[in-house]
>>> print(open('target-v4.txt').read())   # compact mmCIF, C-alpha atoms
# COMPACT_ATOMS: atom_id res chain seq x y z
CA MET P 1 13.61 14.45 -57.42
CA ASN P 2 10.59 12.37 -56.55
CA SER P 3 10.75 9.55 -59.12
CA ALA P 4 7.16 8.60 -58.41
CA GLY P 5 6.15 12.01 -59.73
CA LYS P 6 7.82 11.63 -63.11
CA GLN P 7 5.62 11.41 -66.13
CA SER P 8 6.69 10.73 -69.70
CA LEU P 9 5.73 13.43 -72.14
CA ASN P 10 6.08 11.20 -75.18
CA ALA P 11 2.42 10.29 -74.99
CA ALA P 12 -0.10 12.79 -76.33
CA LEU P 13 -1.48 15.18 -73.74
CA PRO P 14 -5.22 15.78 -73.57
CA LYS P 15 -6.23 19.02 -75.30
CA GLU P 16 -7.71 20.45 -72.12
CA PHE P 17 -4.40 19.98 -70.27
CA GLY P 18 -2.85 23.17 -68.91
CA GLY P 19 -4.18 26.15 -66.99
CA ARG P 20 -4.09 29.79 -67.88
CA ARG P 21 -1.05 31.55 -66.37
CA ARG P 22 -1.97 34.37 -64.01
CA GLU P 23 1.45 36.04 -63.89
CA PRO P 24 4.17 36.94 -66.40
CA LEU P 25 6.83 34.31 -67.10
CA PRO P 26 10.09 35.65 -65.61
CA GLY P 27 12.48 33.90 -68.00
CA LEU P 28 13.02 31.84 -71.13
CA TYR P 29 16.24 29.87 -71.74
CA ILE P 30 17.19 28.59 -75.21
CA HIS P 31 20.06 26.10 -75.50
CA TRP P 32 22.42 25.94 -78.49
CA PRO P 33 24.49 22.73 -78.10
CA TRP P 34 27.48 23.32 -80.40
CA CYS P 35 31.02 24.52 -79.72
CA VAL P 36 34.13 24.78 -81.91
CA SER P 37 35.96 22.60 -79.37
CA LYS P 38 35.30 21.10 -75.94
CA CYS P 39 37.13 22.91 -73.15
CA PRO P 40 38.79 20.54 -70.64
CA TYR P 41 37.08 22.11 -67.59
CA CYS P 42 33.55 22.23 -69.08
CA ASP P 43 30.72 19.89 -68.06
CA PHE P 44 27.95 21.74 -69.93
CA ASN P 45 25.85 19.97 -72.54
CA SER P 46 28.05 21.04 -75.46
CA HIS P 47 29.20 19.10 -78.51
CA VAL P 48 31.64 19.63 -81.36
CA GLN P 49 30.02 17.55 -84.09
CA GLN P 50 26.88 19.21 -85.45
CA VAL P 51 24.34 16.51 -86.29
CA PHE P 52 21.55 18.60 -87.86
CA THR P 53 21.22 21.75 -89.90
CA GLU P 54 20.67 25.20 -88.46
CA LYS P 55 17.32 25.39 -90.25
CA GLN P 56 16.24 22.17 -88.49
CA TYR P 57 17.39 23.65 -85.17
CA VAL P 58 15.39 26.86 -85.56
CA GLU P 59 12.25 24.97 -86.54
CA ALA P 60 12.69 22.55 -83.64
CA ILE P 61 13.18 25.34 -81.08
CA CYS P 62 10.02 27.08 -82.28
CA SER P 63 8.08 23.81 -82.17
CA GLU P 64 9.27 22.98 -78.67
CA LEU P 65 8.45 26.48 -77.45
CA ASP P 66 4.92 26.11 -78.83
CA HIS P 67 4.60 22.84 -76.94
CA MET P 68 5.78 24.42 -73.68
CA LEU P 69 3.27 27.23 -74.09
CA PHE P 70 0.49 24.69 -74.57
CA LEU P 71 1.72 22.58 -71.68
CA THR P 72 1.72 25.47 -69.21
CA GLY P 73 -1.45 27.03 -70.54
CA ASP P 74 0.40 30.18 -71.56
CA GLY P 75 -0.86 29.81 -75.10
CA VAL P 76 -4.54 29.44 -74.20
CA GLU P 77 -5.57 33.08 -74.34
CA GLY P 78 -3.57 36.02 -75.64
CA ARG P 79 0.17 36.49 -75.30
CA PRO P 80 1.70 36.19 -71.82
CA ALA P 81 4.40 38.65 -70.78
CA LEU P 82 8.04 37.52 -70.79
CA GLY P 83 10.64 38.97 -68.42
CA SER P 84 13.97 37.91 -69.95
CA LEU P 85 15.51 35.70 -72.63
CA PHE P 86 18.88 33.95 -72.57
CA PHE P 87 20.62 32.09 -75.41
CA GLY P 88 23.10 29.74 -73.72
CA GLY P 89 25.24 26.83 -74.74
CA GLY P 90 27.49 25.69 -76.17
CA THR P 91 28.35 28.77 -78.13
CA PRO P 92 25.19 30.47 -79.44
CA SER P 93 27.23 33.07 -81.32
CA LEU P 94 28.06 30.30 -83.80
CA MET P 95 24.46 30.69 -84.97
CA ARG P 96 23.87 32.82 -88.04
CA PRO P 97 22.28 36.15 -87.05
CA ASP P 98 19.29 35.39 -89.30
CA SER P 99 18.66 32.21 -87.26
CA VAL P 100 18.69 34.25 -84.03
CA ALA P 101 16.34 36.76 -85.67
CA ALA P 102 13.95 33.97 -86.72
CA ILE P 103 13.80 32.58 -83.18
CA LEU P 104 13.27 36.04 -81.72
CA GLU P 105 10.47 36.71 -84.19
CA HIS P 106 8.75 33.51 -83.05
CA VAL P 107 9.26 34.49 -79.41
CA ARG P 108 7.60 37.85 -80.14
CA ARG P 109 4.61 36.03 -81.62
CA CYS P 110 4.36 33.91 -78.46
CA PHE P 111 5.00 36.55 -75.80
CA ALA P 112 4.50 40.21 -75.08
CA LEU P 113 7.99 41.71 -74.71
CA ALA P 114 8.54 44.89 -72.74
CA ASP P 115 10.62 47.65 -74.32
CA GLY P 116 14.25 47.10 -73.38
CA MET P 117 13.65 43.56 -72.09
CA GLU P 118 16.98 41.85 -71.49
CA ILE P 119 17.91 39.48 -74.35
CA THR P 120 21.31 37.92 -73.66
CA LEU P 121 23.43 35.77 -75.95
CA GLU P 122 26.62 33.94 -74.94
CA ALA P 123 29.57 34.37 -77.28
CA ASN P 124 33.23 33.50 -77.65
CA PRO P 125 35.84 36.07 -78.66
CA SER P 126 36.97 34.47 -81.93
CA SER P 127 37.19 36.89 -84.86
CA VAL P 128 34.64 34.85 -86.84
CA GLU P 129 32.02 35.21 -84.11
CA ALA P 130 32.89 38.83 -83.31
CA ALA P 131 32.23 39.72 -86.94
CA ARG P 132 28.57 38.84 -86.28
CA PHE P 133 28.09 41.17 -83.32
CA ALA P 134 26.55 44.01 -85.33
CA GLU P 135 24.03 41.70 -87.00
CA LEU P 136 23.20 39.98 -83.71
CA ALA P 137 22.44 43.38 -82.18
CA GLU P 138 20.30 44.24 -85.20
CA ALA P 139 18.43 40.93 -84.75
CA GLY P 140 17.39 42.03 -81.26
CA VAL P 141 20.10 40.82 -78.86
CA ASN P 142 20.83 43.66 -76.41
CA ARG P 143 23.21 42.01 -73.95
CA LEU P 144 26.30 39.91 -74.71
CA SER P 145 28.01 37.51 -72.34
CA LEU P 146 31.55 36.93 -73.59
CA GLY P 147 33.54 33.83 -72.60
CA VAL P 148 37.03 35.35 -72.30
CA GLN P 149 38.15 33.15 -69.34
CA ALA P 150 41.70 34.56 -69.11
CA LEU P 151 43.80 37.53 -70.17
CA GLU P 152 47.07 35.57 -70.33
CA GLU P 153 48.17 33.63 -73.41
CA GLU P 154 49.52 30.57 -71.61
CA ALA P 155 46.44 30.32 -69.40
CA LEU P 156 44.17 30.37 -72.46
CA LYS P 157 46.12 27.46 -73.92
CA VAL P 158 45.89 25.45 -70.69
CA LEU P 159 42.15 26.17 -70.53
CA GLY P 160 41.77 24.87 -74.08
CA ARG P 161 40.44 28.14 -75.45
CA ALA P 162 40.48 28.73 -79.21
CA HIS P 163 41.25 32.46 -78.97
CA GLY P 164 44.22 34.54 -77.87
CA VAL P 165 44.43 37.64 -75.70
CA ASP P 166 44.45 40.06 -78.64
CA GLU P 167 41.29 38.45 -80.04
CA ALA P 168 39.66 38.73 -76.60
CA LEU P 169 40.51 42.42 -76.28
CA ALA P 170 39.24 43.17 -79.78
CA ALA P 171 36.01 41.25 -79.11
CA ILE P 172 35.40 43.15 -75.85
CA LYS P 173 35.79 46.50 -77.59
CA LEU P 174 33.60 45.43 -80.51
CA ALA P 175 30.90 44.10 -78.17
CA GLN P 176 30.88 47.38 -76.24
CA LYS P 177 30.39 49.22 -79.52
CA HIS P 178 27.33 47.21 -80.57
CA PHE P 179 25.61 46.27 -77.29
CA SER P 180 24.35 48.63 -74.62
CA ARG P 181 25.16 45.99 -72.02
CA MET P 182 27.83 43.32 -72.00
CA SER P 183 29.70 41.12 -69.58
CA PHE P 184 32.70 38.86 -69.84
CA ASP P 185 33.81 35.82 -67.85
CA LEU P 186 37.16 35.05 -66.26
CA ILE P 187 38.32 31.93 -64.42
CA TYR P 188 40.70 32.35 -61.49
CA ALA P 189 42.59 30.15 -59.00
CA ARG P 190 43.79 28.34 -62.10
CA HIS P 191 46.56 25.77 -62.49
CA GLY P 192 49.74 27.27 -61.04
CA GLN P 193 48.28 30.79 -60.80
CA ALA P 194 49.88 33.10 -58.23
CA LEU P 195 47.67 35.50 -56.30
CA GLU P 196 49.70 38.51 -57.44
CA ASP P 197 49.27 37.46 -61.08
CA TRP P 198 45.49 37.29 -60.55
CA ARG P 199 45.47 40.75 -58.94
CA ASN P 200 47.14 42.17 -62.05
CA GLU P 201 44.83 40.29 -64.41
CA LEU P 202 41.74 41.39 -62.49
CA ALA P 203 42.91 45.02 -62.52
CA ARG P 204 43.20 44.82 -66.29
CA ALA P 205 39.73 43.26 -66.55
CA LEU P 206 38.22 46.03 -64.44
CA GLU P 207 39.71 48.64 -66.77
CA LEU P 208 37.99 46.89 -69.67
CA ALA P 209 34.66 46.10 -68.00
CA GLN P 210 31.56 47.97 -69.10
CA GLY P 211 29.50 47.26 -65.99
CA HIS P 212 29.45 43.53 -65.29
CA LEU P 213 31.96 40.74 -64.73
CA SER P 214 31.47 37.03 -64.04
CA LEU P 215 34.47 35.70 -62.09
CA TYR P 216 34.48 31.96 -61.46
CA GLN P 217 36.87 30.08 -59.24
CA LEU P 218 38.06 27.01 -61.13
CA SER P 219 36.27 23.86 -59.99
CA ILE P 220 36.83 20.26 -61.01
CA GLU P 221 33.66 18.85 -62.55
CA GLN P 222 32.89 15.17 -62.99
CA GLY P 223 33.43 13.69 -66.44
CA THR P 224 35.74 16.47 -67.66
CA ALA P 225 39.29 16.21 -68.93
CA TYR P 226 40.35 18.34 -65.98
CA GLN P 227 38.97 15.76 -63.56
CA ASN P 228 41.23 13.15 -65.16
CA LEU P 229 44.26 15.46 -64.92
CA PHE P 230 43.45 16.41 -61.32
CA THR P 231 43.08 12.76 -60.31
CA ARG P 232 46.50 12.04 -61.82
CA GLY P 233 48.08 14.97 -59.97
CA LYS P 234 48.67 16.97 -63.15
CA LEU P 235 46.81 20.09 -62.01
CA ASN P 236 48.28 22.37 -59.38
CA LEU P 237 45.26 24.10 -57.79
CA PRO P 238 45.27 26.18 -54.60
CA ASP P 239 44.36 24.52 -51.32
CA ASN P 240 41.30 25.68 -49.41
CA GLU P 241 43.15 28.43 -47.54
CA ARG P 242 44.71 29.91 -50.68
CA ALA P 243 41.44 29.54 -52.60
CA ALA P 244 39.70 31.57 -49.88
CA ARG P 245 42.34 34.30 -50.26
CA PHE P 246 41.70 34.42 -54.01
CA PHE P 247 37.97 34.74 -53.34
CA HIS P 248 38.19 37.43 -50.65
CA GLU P 249 40.65 39.58 -52.58
CA THR P 250 38.53 39.31 -55.72
CA ARG P 251 35.52 40.68 -53.84
CA GLU P 252 37.51 43.48 -52.22
CA ILE P 253 39.20 44.59 -55.45
CA CYS P 254 35.93 44.61 -57.40
CA ALA P 255 34.11 46.51 -54.67
CA ARG P 256 36.79 49.20 -54.62
CA ALA P 257 36.50 49.48 -58.41
CA GLY P 258 32.72 50.09 -58.24
CA LEU P 259 31.61 46.58 -59.24
CA PRO P 260 30.51 45.00 -55.95
CA ALA P 261 29.44 41.37 -55.83
CA TYR P 262 25.71 40.75 -56.08
CA GLU P 263 26.09 36.96 -56.33
CA ILE P 264 28.91 34.64 -55.32
CA SER P 265 30.55 34.80 -58.78
CA ASN P 266 29.00 37.93 -60.33
CA TYR P 267 29.91 41.60 -59.96
CA ALA P 268 28.10 44.62 -61.36
CA LYS P 269 27.53 48.34 -61.23
CA ALA P 270 24.09 49.47 -60.10
CA GLY P 271 21.47 48.47 -62.67
CA GLN P 272 23.82 46.12 -64.55
CA ALA P 273 23.01 42.81 -62.84
CA SER P 274 21.84 40.00 -65.11
CA ALA P 275 18.04 40.06 -64.99
CA HIS P 276 17.80 36.54 -66.36
CA ASN P 277 20.21 34.96 -63.90
CA LEU P 278 18.39 36.73 -61.07
CA VAL P 279 15.32 34.75 -62.12
CA TYR P 280 17.18 31.55 -61.20
CA TRP P 281 18.68 32.87 -57.98
CA ARG P 282 15.41 34.40 -56.78
CA TYR P 283 13.62 31.17 -57.68
CA GLY P 284 11.32 32.46 -60.36
CA SER P 285 9.73 30.26 -63.00
CA TYR P 286 11.32 29.87 -66.43
CA MET P 287 10.98 27.76 -69.56
CA GLY P 288 13.92 25.84 -70.95
CA VAL P 289 13.94 24.73 -74.60
CA GLY P 290 16.63 23.03 -76.65
CA PRO P 291 18.70 19.87 -76.00
CA GLY P 292 19.53 19.44 -72.32
CA ALA P 293 17.61 22.52 -71.19
CA HIS P 294 15.91 22.53 -67.79
CA GLY P 295 13.01 24.62 -66.59
CA ARG P 296 10.77 25.39 -63.64
CA VAL P 297 7.26 25.89 -64.97
CA VAL P 298 3.79 26.11 -63.45
CA VAL P 299 1.33 23.50 -64.73
CA GLU P 300 -2.19 23.32 -63.29
CA GLY P 301 -1.04 25.50 -60.39
CA ARG P 302 1.91 23.22 -59.50
CA LEU P 303 5.59 24.02 -59.89
CA MET P 304 7.20 21.40 -62.13
CA ALA P 305 10.80 20.64 -63.09
CA SER P 306 11.11 20.07 -66.84
CA ALA P 307 14.06 18.39 -68.53
CA VAL P 308 14.70 18.15 -72.27
CA ILE P 309 16.56 15.24 -73.90
CA ARG P 310 20.32 15.92 -73.67
CA SER P 311 21.49 14.20 -76.85
CA PRO P 312 21.13 16.62 -79.80
CA LYS P 313 20.62 13.69 -82.18
CA ARG P 314 17.86 12.16 -80.06
CA TRP P 315 16.37 15.60 -79.39
CA ILE P 316 15.96 16.58 -83.02
CA ARG P 317 14.45 13.21 -83.87
CA GLN P 318 11.98 13.47 -81.00
CA VAL P 319 10.96 17.02 -81.91
CA GLU P 320 10.43 16.12 -85.56
CA GLN P 321 8.28 13.14 -84.54
CA HIS P 322 6.37 14.56 -81.56
CA GLY P 323 6.75 18.33 -81.69
CA HIS P 324 8.99 18.54 -78.60
CA GLY P 325 11.89 16.83 -76.86
CA VAL P 326 10.74 17.28 -73.27
CA GLU P 327 11.70 14.04 -71.54
CA THR P 328 10.34 14.45 -68.03
CA LEU P 329 8.05 16.71 -66.08
CA VAL P 330 8.46 16.31 -62.34
CA PRO P 331 6.15 17.90 -59.75
CA LEU P 332 8.34 19.38 -57.03
CA THR P 333 7.41 18.70 -53.42
CA ARG P 334 7.42 21.58 -50.99
CA ALA P 335 10.59 20.22 -49.39
CA GLU P 336 12.32 20.04 -52.78
CA GLN P 337 11.28 23.59 -53.57
CA ALA P 338 12.66 24.72 -50.21
CA ASP P 339 15.99 22.99 -50.91
CA GLU P 340 16.22 24.72 -54.29
CA MET P 341 15.28 28.11 -52.87
CA ILE P 342 18.03 27.79 -50.27
CA LEU P 343 20.60 26.64 -52.82
CA MET P 344 19.82 29.54 -55.15
CA GLY P 345 18.98 32.32 -52.70
CA MET P 346 22.05 31.91 -50.52
CA ARG P 347 24.26 32.61 -53.55
CA LEU P 348 22.97 36.18 -53.58
CA VAL P 349 24.46 39.00 -51.52
CA GLU P 350 20.87 40.09 -50.78
CA GLY P 351 20.35 36.62 -49.30
CA LEU P 352 17.40 34.28 -48.91
CA ASP P 353 13.95 35.74 -48.28
CA LEU P 354 12.77 33.66 -45.31
CA ILE P 355 9.23 35.02 -45.44
CA ARG P 356 8.87 34.03 -49.10
CA LEU P 357 10.44 30.65 -48.32
CA GLY P 358 7.68 30.00 -45.81
CA GLU P 359 4.89 31.31 -48.04
CA LYS P 360 6.01 29.37 -51.10
CA THR P 361 7.07 26.07 -49.54
CA GLY P 362 5.48 25.90 -46.08
CA LYS P 363 8.98 25.38 -44.66
CA GLN P 364 11.18 27.40 -42.36
CA ILE P 365 14.76 27.11 -41.13
CA SER P 366 15.50 26.36 -37.50
CA ARG P 367 16.02 29.60 -35.58
CA THR P 368 18.61 27.78 -33.48
CA LEU P 369 20.75 27.14 -36.57
CA ILE P 370 20.34 30.73 -37.77
CA ASP P 371 21.57 31.97 -34.40
CA GLN P 372 24.53 29.58 -34.56
CA LEU P 373 25.47 30.79 -38.04
CA GLN P 374 25.24 34.41 -36.88
CA ASP P 375 27.35 33.72 -33.80
CA ALA P 376 29.99 32.13 -36.07
CA ASP P 377 29.90 35.24 -38.33
CA LEU P 378 28.89 33.08 -41.30
CA CYS P 379 25.43 34.61 -41.83
CA GLN P 380 23.43 37.68 -40.89
CA LEU P 381 19.66 38.03 -40.50
CA GLN P 382 18.53 41.33 -42.00
CA GLU P 383 14.86 42.33 -42.39
CA GLY P 384 13.68 38.76 -42.93
CA ARG P 385 16.59 37.78 -45.20
CA LEU P 386 19.36 35.36 -44.32
CA CYS P 387 22.59 36.58 -45.93
CA ALA P 388 26.00 34.94 -46.03
CA THR P 389 28.86 37.05 -44.71
CA THR P 390 32.18 37.32 -46.53
CA GLN P 391 33.43 34.42 -44.40
CA GLY P 392 30.21 32.52 -45.07
CA PHE P 393 30.52 32.77 -48.84
CA ALA P 394 33.88 30.98 -48.62
CA VAL P 395 32.13 27.92 -47.11
CA LEU P 396 28.73 28.35 -48.75
CA ASN P 397 28.27 24.69 -49.70
CA GLN P 398 28.50 23.64 -46.06
CA ILE P 399 26.05 26.36 -45.00
CA VAL P 400 23.52 25.37 -47.67
CA GLY P 401 23.76 21.74 -46.55
CA GLN P 402 23.13 22.71 -42.93
CA LEU P 403 20.16 24.91 -43.83
CA SER P 404 18.51 22.19 -45.89
CA LEU P 405 18.85 19.72 -43.01
CA ALA P 406 17.30 22.21 -40.60
CA LEU P 407 13.99 22.66 -42.44
CA ALA P 408 10.71 22.32 -40.57
CA ASP P 409 7.07 23.09 -41.23
CA VAL P 410 6.17 26.77 -40.85
CA ARG P 411 5.15 27.94 -37.40
CA PRO P 412 4.60 31.50 -36.16
CA SER P 413 8.02 33.12 -36.10
CA SER P 414 9.70 36.49 -35.69
CA PHE P 415 11.48 36.54 -39.06
>>> encode(input="target-v4.txt", output="structure tokens")
Amino acid sequence: MNSAGKQSLNAALPKEFGGRRREPLPGLYIHWPWCVSKCPYCDFNSHVQQVFTEKQYVEAICSELDHMLFLTGDGVEGRPALGSLFFGGGTPSLMRPDSVAAILEHVRRCFALADGMEITLEANPSSVEAARFAELAEAGVNRLSLGVQALEEEALKVLGRAHGVDEALAAIKLAQKHFSRMSFDLIYARHGQALEDWRNELARALELAQGHLSLYQLSIEQGTAYQNLFTRGKLNLPDNERAARFFHETREICARAGLPAYEISNYAKAGQASAHNLVYWRYGSYMGVGPGAHGRVVVEGRLMASAVIRSPKRWIRQVEQHGHGVETLVPLTRAEQADEMILMGMRLVEGLDLIRLGEKTGKQISRTLIDQLQDADLCQLQEGRLCATTQGFAVLNQIVGQLSLALADVRPSSF
């Protein structure tokens, strides 16, 4: 980010600050920071020790949302339209259903919500949380994202999960009873996992799936317990060649089962893709509220990156004193926007819209590089979209890096 563009939001903003939004806001993200335990592979902003009450949390979320509306100008006249809402974490299903209902009621006062608008909440399969599914649905949640992570007992233990397989299966069935749409996550290419074992586990998952699966290849993230174990040689993960086999077979098996990939780690039947996550991948604007939340919001006609204080303790104190915990608001340069569009758009099977890239950022990718990527069967150019091939998705990080280095100012082109 451009550090010269940072501005502290602790100081009072002038009352005339903010412009009226001309378009609907595609997404709103609300972060709940608590978990029952910290999983060894997780680098999300999640904490075990709760440092404020749930009542304080609800009031703070509503206050910070009001501030974001004022900041962007969305609260100047009338209620803007909202495209999707996502409760992430942490484990938002630890919230009492009446707390979720209170937040949703405030959101409805702030925004116009379309009938059937996607409202997703992340949950874990513990019996305590699953017992709340009916009330969460009654509160207004209509899509559940369930963190199963594995369908093998030993794997769940190694992953540090607090539930067993039977609890996971019961939670899946209960979620399907109460929510019209639901998804669950699995992690593959795990410590010591054989490809045949994953095929069997994936087949079982596909029998259970309602219409959407999120399938993540295990990665080692900085600052996690798994990073420490990996550094010490205590984790047996597949090498690049075997990891690619896991990835390719996962895509093929899901496609044959009627859940083709629409993003590098997400698979869905037609009409079941996550509307909220598509906001990120298609580079739409979204508000982020709650400790550690990030956003991309339009202020005075400029796209800005917002970041909220990560520490829950500092966040609640800041909100109670100033009405919000937004720490920085960074105007994004056109080059930075182009980098982000490439990073997000290339994750999608539909690919990166090169025409929109040029219109939004004033940047285009070298045609020479595009031709090279096509010749290497790593990408395809289809109706103005650059799409990774199956081989390309296996080395997507390298492709994204090359594309970002090959940016130039827009000139007349044939895309």
>>> residues_around(input="target-v4.txt", residues="P:Ala205", least_positions_apart="5", cutoff="9 Å", atoms="all atoms listed in the file", output="PyMOL selection string")
chain P and resi 151+184+186+200+213
>>> write_last_selection(input="target-v4.txt", atoms="C-alpha atoms", output="PDB file, in the frame of the given file")
ATOM      1  CA  LEU P 151      43.800  37.530 -70.170  1.00  0.00           C
ATOM      2  CA  PHE P 184      32.700  38.860 -69.840  1.00  0.00           C
ATOM      3  CA  LEU P 186      37.160  35.050 -66.260  1.00  0.00           C
ATOM      4  CA  ASN P 200      47.140  42.170 -62.050  1.00  0.00           C
ATOM      5  CA  LEU P 213      31.960  40.740 -64.730  1.00  0.00           C
TER       6      LEU P 213
END
>>> residues_around(input="target-v4.txt", residues="P:Tyr216", least_positions_apart="5", cutoff="7 Å", atoms="all atoms listed in the file", output="list in words")
Leu186, Ile187, Tyr188 and Ser265 of chain P
>>> residues_around(input="target-v4.txt", residues="stretch 336-344 of chain P", least_positions_apart="6", cutoff="12 Å", atoms="all atoms listed in the file", output="ChimeraX atom specification")
/P:1-2,263-264,277-285,296,302-305,330,350-365,385-388,396-410
>>> write_last_selection(input="target-v4.txt", atoms="C-alpha atoms", output="short mmCIF file (atom, residue, chain, number, x, y, z; two decimals), in the coordinates of the input")
data_model
loop_
_atom_site.label_atom_id
_atom_site.label_comp_id
_atom_site.auth_asym_id
_atom_site.auth_seq_id
_atom_site.Cartn_x
_atom_site.Cartn_y
_atom_site.Cartn_z
CA MET P 1 13.61 14.45 -57.42
CA ASN P 2 10.59 12.37 -56.55
CA GLU P 263 26.09 36.96 -56.33
CA ILE P 264 28.91 34.64 -55.32
CA ASN P 277 20.21 34.96 -63.90
CA LEU P 278 18.39 36.73 -61.07
CA VAL P 279 15.32 34.75 -62.12
CA TYR P 280 17.18 31.55 -61.20
CA TRP P 281 18.68 32.87 -57.98
CA ARG P 282 15.41 34.40 -56.78
CA TYR P 283 13.62 31.17 -57.68
CA GLY P 284 11.32 32.46 -60.36
CA SER P 285 9.73 30.26 -63.00
CA ARG P 296 10.77 25.39 -63.64
CA ARG P 302 1.91 23.22 -59.50
CA LEU P 303 5.59 24.02 -59.89
CA MET P 304 7.20 21.40 -62.13
CA ALA P 305 10.80 20.64 -63.09
CA VAL P 330 8.46 16.31 -62.34
CA GLU P 350 20.87 40.09 -50.78
CA GLY P 351 20.35 36.62 -49.30
CA LEU P 352 17.40 34.28 -48.91
CA ASP P 353 13.95 35.74 -48.28
CA LEU P 354 12.77 33.66 -45.31
CA ILE P 355 9.23 35.02 -45.44
CA ARG P 356 8.87 34.03 -49.10
CA LEU P 357 10.44 30.65 -48.32
CA GLY P 358 7.68 30.00 -45.81
CA GLU P 359 4.89 31.31 -48.04
CA LYS P 360 6.01 29.37 -51.10
CA THR P 361 7.07 26.07 -49.54
CA GLY P 362 5.48 25.90 -46.08
CA LYS P 363 8.98 25.38 -44.66
CA GLN P 364 11.18 27.40 -42.36
CA ILE P 365 14.76 27.11 -41.13
CA ARG P 385 16.59 37.78 -45.20
CA LEU P 386 19.36 35.36 -44.32
CA CYS P 387 22.59 36.58 -45.93
CA ALA P 388 26.00 34.94 -46.03
CA LEU P 396 28.73 28.35 -48.75
CA ASN P 397 28.27 24.69 -49.70
CA GLN P 398 28.50 23.64 -46.06
CA ILE P 399 26.05 26.36 -45.00
CA VAL P 400 23.52 25.37 -47.67
CA GLY P 401 23.76 21.74 -46.55
CA GLN P 402 23.13 22.71 -42.93
CA LEU P 403 20.16 24.91 -43.83
CA SER P 404 18.51 22.19 -45.89
CA LEU P 405 18.85 19.72 -43.01
CA ALA P 406 17.30 22.21 -40.60
CA LEU P 407 13.99 22.66 -42.44
CA ALA P 408 10.71 22.32 -40.57
CA ASP P 409 7.07 23.09 -41.23
CA VAL P 410 6.17 26.77 -40.85
#
>>> closest_residue(input="target-v4.txt", among="P:Val326, P:Ala268, P:Ala81, P:Leu94", to="P:Gly290", atoms="all atoms listed in the file")
P:Val326
>>> residues_around(input="target-v4.txt", residues="P:Ala194", least_positions_apart="4", cutoff="10 Å", atoms="only C-alpha atoms", output="number ranges by chain")
P: 188-190, 198-199, 238, 242, 246
>>> write_last_selection(input="target-v4.txt", atoms="C-alpha atoms", output="mmCIF file, in the coordinates of the input")
data_model
loop_
_atom_site.group_PDB
_atom_site.id
_atom_site.type_symbol
_atom_site.label_atom_id
_atom_site.label_comp_id
_atom_site.auth_asym_id
_atom_site.auth_seq_id
_atom_site.Cartn_x
_atom_site.Cartn_y
_atom_site.Cartn_z
ATOM 1 C CA TYR P 188 40.700 32.350 -61.490
ATOM 2 C CA ALA P 189 42.590 30.150 -59.000
ATOM 3 C CA ARG P 190 43.790 28.340 -62.100
ATOM 4 C CA TRP P 198 45.490 37.290 -60.550
ATOM 5 C CA ARG P 199 45.470 40.750 -58.940
ATOM 6 C CA PRO P 238 45.270 26.180 -54.600
ATOM 7 C CA ARG P 242 44.710 29.910 -50.680
ATOM 8 C CA PHE P 246 41.700 34.420 -54.010
#
>>> closest_residue(input="target-v4.txt", among="P:Leu65, P:Val58, P:Ala243, P:Leu329", to="P:Ala394", atoms="all atoms listed in the file")
P:Ala243
>>> atom_distance(input="target-v4.txt", atom1="atom CA of P:Gly258", atom2="atom CA of P:Ser183")
14.8 Å
>>> closest_residue(input="target-v4.txt", among="P:Lys177, P:Glu221, P:Pro26, P:Gly89", to="P:Val48", atoms="all atoms listed in the file")
P:Gly89
>>> closest_atom_pairs(input="target-v4.txt", of="stretch 233-323 of chain P", to="stretch 108-131 of chain P", cutoff="9 Å", atoms="only C-alpha atoms", output="tab-separated table")
residue	atom	partner	partner_atom	distance
P:Ser274	CA	P:Glu118	CA	8.2
P:Ala275	CA	P:Glu118	CA	6.8
P:His276	CA	P:Glu118	CA	7.4
>>> atom_distance(input="target-v4.txt", atom1="atom CA of P:Asp239", atom2="atom CA of P:Leu159")
19.4 Å
>>> atom_distance(input="target-v4.txt", atom1="atom CA of P:Arg96", atom2="atom CA of P:Arg132")
7.8 Å
>>> residues_near_point(input="target-v4.txt", point="(26.3, 39.1, -45.4)", cutoff="7 Å", atoms="only C-alpha atoms", output="list in words")
Val349, Cys379, Gln380, Cys387, Ala388, Thr389 and Thr390 of chain P
>>> residues_around(input="target-v4.txt", residues="P:His67", least_positions_apart="2", cutoff="10 Å", atoms="only C-alpha atoms", output="list in words")
Ile61, Cys62, Ser63, Glu64, Leu65, Leu69, Phe70, Leu71, Thr72, Gly73, Gly75, Val289, Val319, His322, Gly323, His324, Gly325 and Val326 of chain P
>>> write_last_selection(input="target-v4.txt", atoms="C-alpha atoms", output="short mmCIF file (atom, residue, chain, number, x, y, z; two decimals), keeping the file's coordinate frame")
data_model
loop_
_atom_site.label_atom_id
_atom_site.label_comp_id
_atom_site.auth_asym_id
_atom_site.auth_seq_id
_atom_site.Cartn_x
_atom_site.Cartn_y
_atom_site.Cartn_z
CA ILE P 61 13.18 25.34 -81.08
CA CYS P 62 10.02 27.08 -82.28
CA SER P 63 8.08 23.81 -82.17
CA GLU P 64 9.27 22.98 -78.67
CA LEU P 65 8.45 26.48 -77.45
CA LEU P 69 3.27 27.23 -74.09
CA PHE P 70 0.49 24.69 -74.57
CA LEU P 71 1.72 22.58 -71.68
CA THR P 72 1.72 25.47 -69.21
CA GLY P 73 -1.45 27.03 -70.54
CA GLY P 75 -0.86 29.81 -75.10
CA VAL P 289 13.94 24.73 -74.60
CA VAL P 319 10.96 17.02 -81.91
CA HIS P 322 6.37 14.56 -81.56
CA GLY P 323 6.75 18.33 -81.69
CA HIS P 324 8.99 18.54 -78.60
CA GLY P 325 11.89 16.83 -76.86
CA VAL P 326 10.74 17.28 -73.27
#
